[in-house]
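Enquirer: Right, I'll just put the structure down here and ask away after.
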Amino acid sequence: MGVDVRNVIIVGSGPAGYTAGLYSARALLEPLMFAGYMSGGQLMLTSDVENFPGYPKGIGGPEMMIDMREQAERFGLEIQDKNVERVDLTKRPFTVWVEGEEYRSQSLIICTGAEAIWLGADGEDDQKGRGISTCATCDGAFFKDEEIIVVGGGDSAMEEATFLTRFASKVTIIHRRDVFRASKVMYERAADHPKIEIKTHRQVKSWIAGENGLEGAILEDPRDRKIEEINCTGAFIAIGHKPITAFLEGQLETDDSGYILPQEHTMTSVPGVFAAGDVVDTRYRQAITAAGMGCQAAIDAERWLEDQH
């Protein structure tokens with residue numbers, strides 16, 4: 001008995017995936033989504049979203065993802081909360097393997113996102129979304145007139161620290177070395193700012209939790225293991241992101257870090273395979289831009305499918 005061939009399979013969820021699902025379902029393409037075991041993406045770790053249009057009082061990240069999911073399902077998106085193990089993009093219909101089962105589709109939309117790289121310091125899991133974040137533009141406004149730290153030594157760490165001075169009373173950059181990967185101009189902009197202090201040869205050993213969330217961190221000098229304590233009610237980890245593309249096994253063109261490189265609009269290097277959201281986007285990484293890309297990918301897939309007939 002042959003395997004049914006779908007019009008569209010969406011791999012991943014989050015704002016990009018759910019929006020792609022909504023648009024392709026409304027186009028009567030009967031899409032199937034594999035949302036992953038941890039469906040919803042990075043917003044499942046975000047306590048409050050205040051910068052998404054249409055929510056004047058803000059909304060919790062998980063609540064927003066539930067709303068997006070329900071809306072897409074109402075129009076006919078079929079969702080399975082499973083991980084895609086591998087794919088075969090060498091011929092159409094494409095083949096997708098999920099928990100040993102085989103699925104086929106004329107087109108794919110990849111929305112697997114990117115994982116923030118965390119420190120793994122003691123107490124970190126408990127404080128994610130309760131003071132520790134990986135997105136200054138998402139969460140910086142929650143720390144008005146508070147002391148916060150930024151961990152990292154690249155351009156993104158300098159940029160986030162400089163941005164956070166709009167809200168915080170003081171920003172301390174923590175870096176484990178005294179050599180920075182950041183460009184000279186980005187480093188100097190941060191170093192010259194009156195609200196920013198830079199502590200080198202420091203790494204976060206553990207986080208200090210209070211009744212209302214984060215209260216501080218224990219820092220360690222990697223050279224001599226000397227310990228010091230720093231007060232902070234907010235912390236931003238800026239040591240990079242890792243795109244979730246291993247399951248593709250190199251079948252799509254990516255950059256050196258593994259981010260998918262679009263060729264024309266949202267089309268990837270394989271015709272019929274589209275990509276949207278943080279798995280492509282190294283610049284904005286916002287819910288609203290991911291949703292917009294999900295819309296574009298669904299429309300691109302719909303038009304491409306029409307052209308195949």
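Residues in the structure tokens are numbered from 1 in each chain, the chains being A, B, ... in the order shown, and ligands are numbered from 1 in the order shown.
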What's around Asp81 (chain A) at 6 Å? Count only C-alpha atoms, leave out sequence neighbours fewer than 3 positions away in its own chain, and write the answer as an mmCIF file with C-alpha atoms, in the first residue's frame.
Expert:
data_model
loop_
_atom_site.group_PDB
_atom_site.id
_atom_site.type_symbol
_atom_site.label_atom_id
_atom_site.label_comp_id
_atom_site.auth_asym_id
_atom_site.auth_seq_id
_atom_site.Cartn_x
_atom_site.Cartn_y
_atom_site.Cartn_z
ATOM 1 C CA PHE A 34 5.469 18.034 12.666
ATOM 2 C CA ALA A 35 5.713 20.537 15.505
ATOM 3 C CA GLY A 36 8.434 18.771 17.475
ATOM 4 C CA TYR A 37 8.340 17.404 21.016
#
Enquirer: Each residue of region 108-146 of chain A lying at most 12 Å from region 51-66 of chain A should get a row with its shortest atom-to-atom pair and the distance in Å to one decimal, counting only C-alpha atoms; could you produce that, ordered by chain and increasing number, as a Markdown table?
Expert:
| residue | atom | partner | partner_atom | distance |
| --- | --- | --- | --- | --- |
| A:Gly129 | CA | A:Gly61 | CA | 10.0 |
| A:Thr137 | CA | A:Asn51 | CA | 9.0 |
| A:Cys138 | CA | A:Asn51 | CA | 7.3 |
| A:Asp139 | CA | A:Asn51 | CA | 9.5 |
| A:Gly140 | CA | A:Asn51 | CA | 11.2 |
| A:Ala141 | CA | A:Asn51 | CA | 10.2 |
| A:Phe142 | CA | A:Gly58 | CA | 11.8 |
Enquirer: Which one of A:Gln296, A:Thr245, A:Thr172, A:Thr282 sits closest to Val84 (chain A) if you count only C-alpha atoms?
Expert: A:Thr245
Enquirer: Excluding Pro262 (chain A) and residues on its chain fewer than 6 positions from it, collect all residues at most 12 Å away from it, counting only C-alpha atoms, and give them as a PyMOL selection string.
Expert: chain A and resi 109-110+252-255+268-277+279-281+293+297
Enquirer: Mind pulling up the distance from CA of Val150 (chain A) to CA of Thr165 (chain A)?
Expert: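 These atoms are spaced 11.1 Å apart.
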Enquirer: Please provide the set of residues having any atom within 9 Å of Glu220 (chain A), restricted to only C-alpha atoms, with same-chain residues fewer than 4 positions apart removed, written as a PyMOL selection string.
Expert: chain A and resi 176+201-205+224-229
Enquirer: Counting only C-alpha atoms, what is within 8 Å of region 185-200 of chain A, bar same-chain residues fewer than 3 positions away, as JSON, numbers by chain?
Expert: {"A": [155, 158, 159, 161, 162, 165, 169, 170, 171, 172, 173, 174, 175, 176, 177, 178, 180, 182]}
Enquirer: Would you compute the distance between CA of Glu73 (chain A) and CA of Asp278 (chain A)? Give it in Å to one decimal.
Expert: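 Answer for the CA of Glu73 (chain A) to CA of Asp278 (chain A) separation: 22.3 Å.
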Enquirer: For Arg92 (chain A), which of A:Asn7, A:Thr19, A:Thr112, A:Gln286 is the closest residue, counting only C-alpha atoms?
Expert: A:Asn7
Enquirer: CA of Arg181 (chain A) and CA of Gly154 (chain A) are how many Å apart?
Expert: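 One can read the CA of Arg181 (chain A) to CA of Gly154 (chain A) distance as 4.7 Å.
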Enquirer: Could you give me the residues within region 245-302 of chain A that DSSP places in helix (DSSP H, G or I), as a list in words?
Expert: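 Here are the helix (DSSP H, G or I) residues of region 245-302 of chain A: Ala246, Phe247, Leu248, Gly277, Asp278, Val279, Ala287, Ile288, Thr289, Ala290, Ala291, Gly292, Met293, Gly294, Cys295, Gln296, Ala297, Ala298, Ile299, Asp300, Ala301 and Glu302 of chain A.
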Enquirer: Go ahead and save the residues from that selection, with C-alpha atoms, as a PDB file, in the first residue's frame.
Expert:
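Final output, saved to part28.pdb:
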ATOM      1  CA  ALA A 246      21.181  18.618  11.625  1.00  0.00           C
ATOM      2  CA  PHE A 247      18.262  16.475  10.427  1.00  0.00           C
ATOM      3  CA  LEU A 248      18.774  17.863   6.899  1.00  0.00           C
ATOM      4  CA  GLY A 277      11.900  32.035  10.773  1.00  0.00           C
ATOM      5  CA  ASP A 278      15.020  31.748  12.891  1.00  0.00           C
ATOM      6  CA  VAL A 279      16.388  28.795  10.901  1.00  0.00           C
ATOM      7  CA  ALA A 287       8.179  36.734  16.601  1.00  0.00           C
ATOM      8  CA  ILE A 288       6.675  39.246  14.181  1.00  0.00           C
ATOM      9  CA  THR A 289       9.370  38.776  11.519  1.00  0.00           C
ATOM     10  CA  ALA A 290       9.179  34.976  11.875  1.00  0.00           C
ATOM     11  CA  ALA A 291       5.396  35.108  11.403  1.00  0.00           C
ATOM     12  CA  GLY A 292       5.841  37.310   8.323  1.00  0.00           C
ATOM     13  CA  MET A 293       8.328  34.853   6.832  1.00  0.00           C
ATOM     14  CA  GLY A 294       5.953  31.967   7.565  1.00  0.00           C
ATOM     15  CA  CYS A 295       3.269  33.780   5.557  1.00  0.00           C
ATOM     16  CA  GLN A 296       5.721  34.345   2.688  1.00  0.00           C
ATOM     17  CA  ALA A 297       6.830  30.702   2.663  1.00  0.00           C
ATOM     18  CA  ALA A 298       3.240  29.435   2.523  1.00  0.00           C
ATOM     19  CA  ILE A 299       2.374  31.768  -0.366  1.00  0.00           C
ATOM     20  CA  ASP A 300       5.610  30.856  -2.176  1.00  0.00           C
ATOM     21  CA  ALA A 301       4.845  27.142  -1.719  1.00  0.00           C
ATOM     22  CA  GLU A 302       1.265  27.560  -2.935  1.00  0.00           C
TER      23      GLU A 302
END
Enquirer: Which parts of region 55-139 of chain A does DSSP call strand (DSSP E or B) when run on the backbone here, written out as a PyMOL selection string?
Expert: chain A and resi 59+78-80+86-88+94-98+101-110+114-116+122+128+132-133
Enquirer: Find, counting only C-alpha atoms, the residue in A:Val98, A:Ile132, A:Ala157, A:Val3 that gets nearest to Arg86 (chain A).
Expert: A:Val98
Enquirer: Looking at A:Gly153, A:Ile218, A:Trp304, A:Cys232, which one is nearest to Glu264 (chain A), with distances taken over only C-alpha atoms?
Expert: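 Comparing A:Gly153, A:Ile218, A:Trp304, A:Cys232 against Glu264 (chain A), the winner is A:Trp304.
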Enquirer: From the set A:Ser183, A:Thr95, A:Gln127, A:Gln263, which residue has the shortest atom-to-atom contact distance to Trp207 (chain A), counting only C-alpha atoms?
Expert: A:Gln127
Enquirer: Determine, counting only C-alpha atoms, which protein, DNA and RNA residues have an atom within 10 Å of an atom of Ala116 (chain A); residues of the same chain fewer than 5 positions away are not included. Present the result as a PyMOL selection string.
Expert: chain A and resi 42+133-135+237-243
